[in-house]
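Visitor: For reference, the file final-v2.pdb (PDB, C-alpha atoms) is included below:
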```
ATOM      1  CA  MET A   9      50.175 -72.984 -44.584
ATOM      2  CA  GLU A  10      50.715 -76.707 -44.139
ATOM      3  CA  ALA A  11      47.645 -78.539 -42.866
ATOM      4  CA  TRP A  12      49.316 -79.948 -39.744
ATOM      5  CA  ILE A  13      49.839 -76.441 -38.294
ATOM      6  CA  PRO A  14      46.184 -75.368 -37.771
ATOM      7  CA  ILE A  15      45.286 -78.954 -36.856
ATOM      8  CA  THR A  16      47.915 -78.905 -34.091
ATOM      9  CA  ILE A  17      46.692 -75.555 -32.731
ATOM     10  CA  PHE A  18      43.153 -76.971 -32.726
ATOM     11  CA  ALA A  19      44.392 -80.007 -30.789
ATOM     12  CA  ALA A  20      46.314 -77.906 -28.270
ATOM     13  CA  PHE A  21      43.286 -75.753 -27.525
ATOM     14  CA  PHE A  22      40.955 -78.664 -26.854
ATOM     15  CA  GLN A  23      43.591 -80.521 -24.852
ATOM     16  CA  ASN A  24      43.864 -77.480 -22.602
ATOM     17  CA  VAL A  25      40.097 -77.369 -22.097
ATOM     18  CA  ARG A  26      40.043 -81.087 -21.304
ATOM     19  CA  THR A  27      42.940 -80.804 -18.848
ATOM     20  CA  ALA A  28      41.226 -77.933 -17.015
ATOM     21  CA  MET A  29      38.097 -80.055 -16.640
ATOM     22  CA  GLN A  30      40.165 -82.984 -15.412
ATOM     23  CA  LYS A  31      41.647 -80.774 -12.706
ATOM     24  CA  TYR A  32      38.090 -79.909 -11.652
ATOM     25  CA  LEU A  33      37.292 -83.641 -11.440
ATOM     26  CA  LYS A  34      40.538 -84.389  -9.561
ATOM     27  CA  ASP A  35      38.952 -82.859  -6.459
ATOM     28  CA  ARG A  36      36.141 -85.424  -6.698
ATOM     29  CA  LEU A  37      37.920 -88.484  -8.102
ATOM     30  CA  SER A  38      41.188 -90.334  -7.593
ATOM     31  CA  THR A  39      44.045 -89.977 -10.082
ATOM     32  CA  GLY A  40      42.935 -93.199 -11.769
ATOM     33  CA  GLY A  41      39.316 -92.071 -11.881
ATOM     34  CA  ALA A  42      40.163 -88.703 -13.418
ATOM     35  CA  THR A  43      42.368 -90.482 -15.965
ATOM     36  CA  TYR A  44      39.645 -93.016 -16.770
ATOM     37  CA  VAL A  45      37.141 -90.270 -17.604
ATOM     38  CA  ARG A  46      38.881 -89.173 -20.801
ATOM     39  CA  PHE A  47      38.937 -92.758 -22.136
ATOM     40  CA  ILE A  48      35.501 -94.108 -21.198
ATOM     41  CA  PHE A  49      33.683 -90.940 -22.287
ATOM     42  CA  GLY A  50      35.958 -90.231 -25.253
ATOM     43  CA  ALA A  51      35.698 -93.640 -26.940
ATOM     44  CA  PRO A  52      32.001 -93.332 -27.989
ATOM     45  CA  PHE A  53      32.644 -89.901 -29.540
ATOM     46  CA  ALA A  54      35.656 -91.282 -31.421
ATOM     47  CA  LEU A  55      33.535 -94.167 -32.738
ATOM     48  CA  LEU A  56      30.876 -91.737 -33.968
ATOM     49  CA  TYR A  57      33.626 -89.726 -35.660
ATOM     50  CA  ILE A  58      35.016 -92.621 -37.703
ATOM     51  CA  LEU A  59      31.518 -93.882 -38.546
ATOM     52  CA  GLY A  60      30.756 -90.388 -39.817
ATOM     53  CA  LEU A  61      33.884 -90.444 -41.981
ATOM     54  CA  ASP A  62      32.873 -93.815 -43.365
ATOM     55  CA  HIS A  63      29.291 -92.711 -44.083
ATOM     56  CA  PHE A  64      29.765 -89.164 -45.365
ATOM     57  CA  THR A  65      33.067 -89.481 -47.258
ATOM     58  CA  ASP A  66      34.599 -91.915 -49.718
ATOM     59  CA  LEU A  67      37.448 -92.749 -47.329
ATOM     60  CA  SER A  68      37.972 -96.449 -46.688
ATOM     61  CA  ILE A  69      38.511 -97.730 -43.151
ATOM     62  CA  PRO A  70      41.953 -99.423 -43.108
ATOM     63  CA  SER A  71      42.704-102.953 -41.972
ATOM     64  CA  PRO A  72      44.941-103.439 -38.917
ATOM     65  CA  ASN A  73      48.143-105.464 -38.918
ATOM     66  CA  ILE A  74      50.626-106.754 -36.334
ATOM     67  CA  GLU A  75      52.912-103.715 -36.556
ATOM     68  CA  PHE A  76      49.933-101.404 -36.073
ATOM     69  CA  GLY A  77      48.725-103.392 -33.086
ATOM     70  CA  MET A  78      52.142-103.386 -31.416
ATOM     71  CA  PHE A  79      52.612 -99.615 -31.674
ATOM     72  CA  ALA A  80      48.989 -98.906 -30.706
ATOM     73  CA  VAL A  81      49.319-100.973 -27.512
ATOM     74  CA  VAL A  82      52.656 -99.378 -26.552
ATOM     75  CA  GLY A  83      51.292 -95.900 -27.244
ATOM     76  CA  GLY A  84      48.058 -96.574 -25.370
ATOM     77  CA  LEU A  85      49.773 -97.863 -22.237
ATOM     78  CA  ALA A  86      52.338 -95.049 -22.295
ATOM     79  CA  GLN A  87      49.577 -92.443 -22.533
ATOM     80  CA  ILE A  88      47.703 -93.948 -19.577
ATOM     81  CA  LEU A  89      50.821 -93.662 -17.425
ATOM     82  CA  ALA A  90      51.599 -90.160 -18.720
ATOM     83  CA  THR A  91      48.062 -88.922 -18.066
ATOM     84  CA  ALA A  92      47.987 -90.395 -14.556
ATOM     85  CA  LEU A  93      51.289 -88.687 -13.726
ATOM     86  CA  LEU A  94      50.038 -85.403 -15.177
ATOM     87  CA  VAL A  95      46.838 -85.507 -13.134
ATOM     88  CA  SER A  96      48.905 -86.311 -10.027
ATOM     89  CA  LEU A  97      50.952 -83.172 -10.641
ATOM     90  CA  PHE A  98      47.920 -80.986  -9.968
ATOM     91  CA  SER A  99      48.211 -81.683  -6.247
ATOM     92  CA  LEU A 100      51.934 -80.827  -6.234
ATOM     93  CA  LYS A 101      52.148 -77.648  -8.341
ATOM     94  CA  ASN A 102      49.729 -75.003  -9.544
ATOM     95  CA  PHE A 103      47.852 -75.726 -12.757
ATOM     96  CA  ALA A 104      50.170 -73.847 -15.147
ATOM     97  CA  VAL A 105      53.526 -74.927 -13.732
ATOM     98  CA  GLY A 106      52.394 -78.491 -13.103
ATOM     99  CA  THR A 107      51.294 -78.927 -16.712
ATOM    100  CA  THR A 108      54.542 -77.414 -17.973
ATOM    101  CA  TYR A 109      56.765 -80.032 -16.335
ATOM    102  CA  SER A 110      55.370 -82.595 -18.757
ATOM    103  CA  LYS A 111      56.459 -80.475 -21.720
ATOM    104  CA  THR A 112      59.898 -82.067 -21.648
ATOM    105  CA  GLU A 113      57.922 -84.423 -23.869
ATOM    106  CA  THR A 114      58.954 -82.378 -26.916
ATOM    107  CA  VAL A 115      62.656 -83.047 -26.455
ATOM    108  CA  GLN A 116      62.028 -86.642 -25.507
ATOM    109  CA  ALA A 117      59.690 -87.167 -28.477
ATOM    110  CA  ALA A 118      62.454 -85.925 -30.787
ATOM    111  CA  ILE A 119      64.855 -88.486 -29.280
ATOM    112  CA  PHE A 120      62.323 -91.322 -29.464
ATOM    113  CA  GLY A 121      61.487 -90.340 -33.060
ATOM    114  CA  ILE A 122      65.133 -90.682 -34.022
ATOM    115  CA  VAL A 123      65.540 -94.002 -32.204
ATOM    116  CA  ILE A 124      62.221 -95.637 -33.162
ATOM    117  CA  LEU A 125      61.408 -94.171 -36.590
ATOM    118  CA  GLY A 126      64.808 -92.917 -37.740
ATOM    119  CA  GLU A 127      63.398 -89.406 -38.252
ATOM    120  CA  SER A 128      65.636 -86.343 -38.067
ATOM    121  CA  LEU A 129      65.134 -82.663 -37.268
ATOM    122  CA  GLY A 130      66.215 -79.609 -39.268
ATOM    123  CA  TYR A 131      68.454 -76.966 -37.693
ATOM    124  CA  GLY A 132      65.560 -74.519 -37.333
ATOM    125  CA  ALA A 133      63.348 -77.059 -35.591
ATOM    126  CA  SER A 134      66.192 -78.105 -33.296
ATOM    127  CA  LEU A 135      66.821 -74.464 -32.346
ATOM    128  CA  ALA A 136      63.097 -73.939 -31.750
ATOM    129  CA  ILE A 137      62.934 -76.938 -29.424
ATOM    130  CA  VAL A 138      65.998 -75.745 -27.500
ATOM    131  CA  ILE A 139      64.572 -72.222 -27.054
ATOM    132  CA  SER A 140      61.251 -73.595 -25.869
ATOM    133  CA  PHE A 141      62.993 -76.045 -23.569
ATOM    134  CA  VAL A 142      64.871 -73.190 -21.878
ATOM    135  CA  GLY A 143      61.488 -71.565 -21.355
ATOM    136  CA  ILE A 144      60.230 -74.783 -19.793
ATOM    137  CA  LEU A 145      63.244 -74.860 -17.468
ATOM    138  CA  LEU A 146      62.410 -71.361 -16.270
ATOM    139  CA  ILE A 147      58.764 -72.150 -15.692
ATOM    140  CA  SER A 148      59.707 -75.239 -13.714
ATOM    141  CA  MET A 149      61.232 -73.037 -11.046
ATOM    142  CA  SER A 150      58.526 -72.113  -8.611
ATOM    143  CA  SER A 151      60.678 -69.568  -6.773
ATOM    144  CA  SER A 152      60.497 -65.917  -7.808
ATOM    145  CA  SER A 153      64.302 -65.710  -7.574
ATOM    146  CA  PHE A 154      66.619 -67.195 -10.179
ATOM    147  CA  GLY A 155      69.976 -68.746  -9.441
ATOM    148  CA  PHE A 156      72.125 -71.810 -10.002
ATOM    149  CA  ARG A 157      70.975 -73.381  -6.760
ATOM    150  CA  GLU A 158      67.315 -72.921  -7.704
ATOM    151  CA  PHE A 159      68.071 -74.362 -11.122
ATOM    152  CA  LEU A 160      69.517 -77.522  -9.586
ATOM    153  CA  THR A 161      66.999 -78.009  -6.810
ATOM    154  CA  GLY A 162      64.075 -77.306  -9.096
ATOM    155  CA  TRP A 163      64.646 -80.661 -10.793
ATOM    156  CA  THR A 164      65.101 -82.754  -7.652
ATOM    157  CA  SER A 165      61.556 -82.390  -6.374
ATOM    158  CA  LYS A 166      58.796 -84.977  -6.531
ATOM    159  CA  ALA A 167      56.899 -82.792  -8.993
ATOM    160  CA  ALA A 168      59.940 -82.699 -11.297
ATOM    161  CA  ALA A 169      60.224 -86.493 -11.274
ATOM    162  CA  TYR A 170      56.520 -86.833 -12.075
ATOM    163  CA  GLY A 171      56.834 -84.275 -14.857
ATOM    164  CA  LEU A 172      59.892 -85.854 -16.452
ATOM    165  CA  LEU A 173      58.312 -89.300 -16.395
ATOM    166  CA  SER A 174      55.062 -87.898 -17.731
ATOM    167  CA  GLY A 175      56.964 -86.204 -20.551
ATOM    168  CA  ALA A 176      58.822 -89.420 -21.359
ATOM    169  CA  PHE A 177      55.642 -91.461 -21.582
ATOM    170  CA  PHE A 178      53.891 -88.752 -23.622
ATOM    171  CA  GLY A 179      56.885 -88.736 -25.973
ATOM    172  CA  ILE A 180      56.743 -92.510 -26.375
ATOM    173  CA  SER A 181      52.993 -92.421 -26.993
ATOM    174  CA  ALA A 182      53.275 -89.635 -29.602
ATOM    175  CA  VAL A 183      55.921 -91.470 -31.627
ATOM    176  CA  SER A 184      54.085 -94.795 -31.223
ATOM    177  CA  TYR A 185      50.809 -93.334 -32.490
ATOM    178  CA  ARG A 186      52.551 -91.901 -35.558
ATOM    179  CA  ALA A 187      54.181 -95.275 -36.186
ATOM    180  CA  ALA A 188      50.856 -97.085 -35.760
ATOM    181  CA  ALA A 189      49.008 -94.793 -38.188
ATOM    182  CA  LEU A 190      51.782 -95.035 -40.780
ATOM    183  CA  ALA A 191      51.798 -98.837 -40.440
ATOM    184  CA  LEU A 192      48.234 -98.882 -41.802
ATOM    185  CA  GLY A 193      49.482 -97.685 -45.187
ATOM    186  CA  GLY A 194      47.439 -95.777 -47.730
ATOM    187  CA  GLU A 195      47.213 -92.050 -48.378
ATOM    188  CA  GLY A 196      44.290 -91.099 -46.154
ATOM    189  CA  ALA A 197      45.895 -89.465 -43.111
ATOM    190  CA  ILE A 198      42.507 -88.464 -41.692
ATOM    191  CA  VAL A 199      41.042 -91.952 -41.661
ATOM    192  CA  GLN A 200      44.368 -93.540 -40.612
ATOM    193  CA  ALA A 201      44.459 -91.225 -37.609
ATOM    194  CA  ALA A 202      40.772 -91.798 -36.812
ATOM    195  CA  PHE A 203      41.125 -95.588 -36.935
ATOM    196  CA  THR A 204      44.201 -95.450 -34.701
ATOM    197  CA  LEU A 205      42.383 -93.199 -32.236
ATOM    198  CA  VAL A 206      39.327 -95.460 -31.991
ATOM    199  CA  CYS A 207      41.420 -98.599 -31.438
ATOM    200  CA  VAL A 208      43.610 -96.910 -28.833
ATOM    201  CA  LEU A 209      40.720 -95.376 -26.878
ATOM    202  CA  PHE A 210      38.801 -98.652 -26.642
ATOM    203  CA  PHE A 211      41.983-100.473 -25.633
ATOM    204  CA  GLN A 212      42.699 -97.878 -22.937
ATOM    205  CA  THR A 213      39.107 -98.050 -21.705
ATOM    206  CA  ALA A 214      39.352-101.831 -21.380
ATOM    207  CA  VAL A 215      42.656-101.623 -19.479
ATOM    208  CA  MET A 216      41.365 -99.004 -17.028
ATOM    209  CA  THR A 217      38.038-100.837 -16.569
ATOM    210  CA  VAL A 218      39.974-103.880 -15.352
ATOM    211  CA  TYR A 219      42.504-101.866 -13.320
ATOM    212  CA  LEU A 220      40.228 -99.547 -11.336
ATOM    213  CA  PRO A 221      38.057-102.120  -9.510
ATOM    214  CA  ILE A 222      41.219-103.929  -8.389
ATOM    215  CA  ARG A 223      43.336-100.975  -7.271
ATOM    216  CA  GLU A 224      40.773 -98.231  -6.660
ATOM    217  CA  PRO A 225      37.406 -99.810  -5.759
ATOM    218  CA  GLY A 226      34.395 -97.548  -6.100
ATOM    219  CA  GLN A 227      36.006 -95.140  -8.558
ATOM    220  CA  ILE A 228      34.018 -96.319 -11.580
ATOM    221  CA  VAL A 229      30.781 -95.571  -9.714
ATOM    222  CA  LYS A 230      32.075 -92.099  -8.797
ATOM    223  CA  VAL A 231      33.095 -91.500 -12.437
ATOM    224  CA  MET A 232      29.597 -92.335 -13.622
ATOM    225  CA  LYS A 233      28.060 -90.050 -11.018
ATOM    226  CA  ALA A 234      30.196 -87.210 -12.398
ATOM    227  CA  TRP A 235      28.831 -87.795 -15.913
ATOM    228  CA  ARG A 236      27.697 -84.207 -16.476
ATOM    229  CA  VAL A 237      31.275 -82.923 -16.455
ATOM    230  CA  ALA A 238      32.783 -86.200 -17.655
ATOM    231  CA  ILE A 239      30.882 -86.066 -20.951
ATOM    232  CA  PHE A 240      32.558 -82.772 -21.798
ATOM    233  CA  VAL A 241      35.947 -84.175 -20.761
ATOM    234  CA  GLY A 242      35.354 -87.041 -23.168
ATOM    235  CA  LEU A 243      34.182 -84.784 -25.998
ATOM    236  CA  THR A 244      36.960 -82.200 -25.690
ATOM    237  CA  GLY A 245      39.512 -84.961 -25.154
ATOM    238  CA  MET A 246      38.347 -86.714 -28.316
ATOM    239  CA  LEU A 247      38.494 -83.479 -30.333
ATOM    240  CA  GLY A 248      42.005 -82.822 -29.097
ATOM    241  CA  SER A 249      43.059 -86.392 -29.845
ATOM    242  CA  VAL A 250      41.634 -86.207 -33.368
ATOM    243  CA  GLY A 251      43.850 -83.186 -33.930
ATOM    244  CA  TRP A 252      46.968 -84.764 -32.398
ATOM    245  CA  PHE A 253      46.589 -88.082 -34.221
ATOM    246  CA  THR A 254      45.916 -86.414 -37.565
ATOM    247  CA  ALA A 255      48.774 -83.922 -37.220
ATOM    248  CA  MET A 256      51.228 -86.641 -36.173
ATOM    249  CA  THR A 257      50.190 -88.792 -39.125
ATOM    250  CA  LEU A 258      51.007 -85.853 -41.409
ATOM    251  CA  GLN A 259      54.202 -84.649 -39.702
ATOM    252  CA  ASN A 260      57.126 -85.690 -37.493
ATOM    253  CA  ALA A 261      55.801 -86.079 -33.918
ATOM    254  CA  ALA A 262      58.528 -83.802 -32.508
ATOM    255  CA  TYR A 263      57.466 -80.955 -34.820
ATOM    256  CA  VAL A 264      53.826 -81.420 -33.835
ATOM    257  CA  ARG A 265      54.595 -81.489 -30.122
ATOM    258  CA  ALA A 266      56.887 -78.465 -30.444
ATOM    259  CA  LEU A 267      54.102 -76.402 -31.996
ATOM    260  CA  GLY A 268      51.678 -77.965 -29.538
ATOM    261  CA  GLN A 269      53.402 -76.034 -26.775
ATOM    262  CA  ILE A 270      51.101 -73.175 -27.743
ATOM    263  CA  GLU A 271      48.837 -75.027 -25.312
ATOM    264  CA  LEU A 272      50.856 -73.339 -22.564
ATOM    265  CA  VAL A 273      49.545 -69.960 -23.684
ATOM    266  CA  PHE A 274      46.027 -71.313 -23.252
ATOM    267  CA  THR A 275      47.075 -72.916 -19.947
ATOM    268  CA  PHE A 276      48.300 -69.645 -18.452
ATOM    269  CA  LEU A 277      45.132 -67.873 -19.537
ATOM    270  CA  VAL A 278      42.985 -70.545 -17.872
ATOM    271  CA  SER A 279      45.264 -70.522 -14.829
ATOM    272  CA  TYR A 280      44.992 -66.759 -14.403
ATOM    273  CA  PHE A 281      41.350 -66.101 -15.275
ATOM    274  CA  TYR A 282      39.646 -69.313 -14.132
ATOM    275  CA  PHE A 283      41.753 -70.782 -11.319
ATOM    276  CA  LYS A 284      42.929 -67.316 -10.141
ATOM    277  CA  GLU A 285      46.533 -68.519  -9.889
ATOM    278  CA  LYS A 286      49.365 -65.989 -10.011
ATOM    279  CA  THR A 287      52.278 -66.023 -12.452
ATOM    280  CA  ASN A 288      55.686 -64.678 -11.424
ATOM    281  CA  LYS A 289      58.309 -62.999 -13.620
ATOM    282  CA  ILE A 290      60.354 -66.154 -14.195
ATOM    283  CA  GLU A 291      57.283 -68.049 -15.380
ATOM    284  CA  ALA A 292      56.319 -65.127 -17.633
ATOM    285  CA  THR A 293      59.827 -65.109 -19.146
ATOM    286  CA  GLY A 294      59.603 -68.835 -19.690
ATOM    287  CA  ILE A 295      56.308 -68.629 -21.528
ATOM    288  CA  SER A 296      57.750 -65.827 -23.703
ATOM    289  CA  LEU A 297      60.651 -68.083 -24.711
ATOM    290  CA  ILE A 298      58.230 -70.875 -25.525
ATOM    291  CA  ILE A 299      56.303 -68.526 -27.804
ATOM    292  CA  LEU A 300      59.591 -67.466 -29.434
ATOM    293  CA  GLY A 301      60.469 -71.121 -29.996
ATOM    294  CA  ILE A 302      57.116 -71.704 -31.679
ATOM    295  CA  LEU A 303      57.707 -68.726 -33.986
ATOM    296  CA  VAL A 304      61.156 -70.045 -34.930
ATOM    297  CA  LEU A 305      59.607 -73.428 -35.709
ATOM    298  CA  LEU A 306      56.927 -71.891 -37.944
ATOM    299  CA  LEU A 307      59.500 -69.768 -39.782
ATOM    300  CA  ASP A 308      61.822 -72.732 -40.352
TER
END
```
What does the file become when written as structure tokens?

Guide:
Amino acid sequence: MEAWIPITIFAAFFQNVRTAMQKYLKDRLSTGGATYVRFIFGAPFALLYILGLDHFTDLSIPSPNIEFGMFAVVGGLAQILATALLVSLFSLKNFAVGTTYSKTETVQAAIFGIVILGESLGYGASLAIVISFVGILLISMSSSSFGFREFLTGWTSKAAAYGLLSGAFFGISAVSYRAAALALGGEGAIVQAAFTLVCVLFFQTAVMTVYLPIREPGQIVKVMKAWRVAIFVGLTGMLGSVGWFTAMTLQNAAYVRALGQIELVFTFLVSYFYFKEKTNKIEATGISLIILGILVLLLD
């Protein structure tokens, strides 16, 4: 088994845990505050991670360059916007369906990968993405009935717009992070990914620290008061990010994000058992297609 596969599953699991905790915080913080949590509390853990790599391994910390900096900034800003849109979705759709709207990211990441990095997809991977995307289309329909009208109107809602934009920005950030890590050169994917993660998280923390007092006064104080939960958001977010960054340094971002849709399996489990939200037949069919798409990708 190629290393990027278990690393991606690891990332998807911890991203799901982090997202569930962010939904819990969304009831206590603004969208910006809930977004800020993952950066301000994740950055120290990421720094400890790369210092540990430097101390306990023979890996050398890479030196940044202009190309790295450009892609890291683009990716960091895109992820802030994507995360804010995703958190906003929680007040528009239930946890499972709201998260799924953003999964158009996989298709969009494939397009951005072709445009930005000149990467291509094999026939099997393309088929897998299409199958999973059909599953996403089904899940996006909140009605228990299925028809052409529901198909059309399901994508004209405010939640759909938020989800599509979130997916676009997540796609841009995924491809940008891969480009940034590869721009560092060398053969150490683990340390390239770790260095990229640390730089991005501290950049995002700085941006949000300036933004929040101006646009959402008082949110930083509320974030700090929620530190007991926020610490775990930061830790699980960092663990997920370590997985994503490492996997995307090793493999095409579209492949990683396609497999990363296994997060939806975790999402529906959390949605059902923790948030007590119901899943209808269309959503169940959609998640089944997503699982089928993942299997096709792994067998490619």

Visitor: So which residues touch Arg46 (chain A) within 7 Å, counting all atoms listed in the file, skipping near sequence neighbours fewer than 2 positions away, as an MDAnalysis selection string?

Guide: chainID A and resid 43:44 48:50 241:242 245

Visitor: Considering only C-alpha atoms, return as a PyMOL selection string whatever protein or nucleic-acid residues lie within 10 Å of region 214-227 of chain A, sequence-local ones (same chain, fewer than 2 positions apart) excluded.

Guide: chain A and resi 36-45+47-48+84-85+88+208-212+229-233

Visitor: Take CA of Gly251 (chain A) and CA of Phe18 (chain A) and report the distance between them in Å, one decimal.

Guide: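 That distance, rounded to one decimal, is 6.4 Å.
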
Visitor: Quick one: everything within 7 Å of region 293-305 of chain A, counting all atoms listed in the file, minus sequence neighbours fewer than 3 positions away in the same chain. Send it as a PyMOL selection string.

Guide: chain A and resi 132-133+136-137+139-140+143-144+146-147+266-267+270+289-290+308

Visitor: With distances taken over all atoms listed in the file, which residue among A:Thr257, A:Gln30, A:Gln23, A:Thr275 lies nearest Leu190 (chain A)?

Guide: A:Thr257

Visitor: Evaluate the PyMOL selection byres ((chain A and resi 193) around 12) and record the selected residues as a PyMOL selection string, following the chain and residue labels used in the document.

Guide: chain A and resi 68-73+75-76+186-192+194-197+199-201+203-204+257

Visitor: Figure out the distance between CA of Leu272 (chain A) and CA of Leu243 (chain A), please, to one decimal in Å.

Guide: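 According to the coordinates, CA of Leu243 (chain A) and CA of Leu272 (chain A) are separated by 20.5 Å.
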
Visitor: Let me make sure I understand: among A:Gly77, A:Leu67, A:Val25, A:Ile17, which one has the smallest atom-to-atom distance to Phe240 (chain A) if we use all atoms listed in the file?

Guide: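 When distances to Phe240 (chain A) are compared using all atoms listed in the file, the smallest one comes from A:Val25.
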
Visitor: Looking at A:Ser174, A:Ser181, A:Cys207, A:Ser128, which one is nearest to Tyr263 (chain A), with distances taken over all atoms listed in the file?

Guide: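 Once distances to Tyr263 (chain A) are computed over all atoms listed in the file, the minimum belongs to A:Ser128.
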
Visitor: Might you pull out every residue within 8 Å of Ala54 (chain A), with all atoms listed in the file counted and same-chain residues fewer than 5 positions away left off, and present them as a list in words?

Guide: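 In the requested form, the answer reads Ala202, Leu205, Val206, Leu209 and Met246 of chain A.
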
Visitor: Record the distance separating CA of Asp66 (chain A) and CA of Thr254 (chain A), expressed in Å with one decimal.

Guide: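 One can read the CA of Asp66 (chain A) to CA of Thr254 (chain A) distance as 17.5 Å.
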
Visitor: Which one of A:Glu271, A:Asp35, A:Asp62, A:Glu113 sits closest to Phe21 (chain A) if you count only C-alpha atoms?

Guide: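 Looking at the shortest contact to Phe21 (chain A), the residue is A:Glu271.
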
Visitor: Name the closest residue to Lys166 (chain A) among the candidates A:Val115, A:Leu145, A:Leu97, A:Leu306; distances are taken between atoms, counting only C-alpha atoms.

Guide: A:Leu97

Visitor: Name every residue that the PyMOL selection byres ((chain A and resi 120) around 10) selects in this structure, writing the answer as a VMD selection string with chains first and numbers rising.

Guide: chain A and resid 113 to 119 121 to 127 176 179 to 184 261 to 262
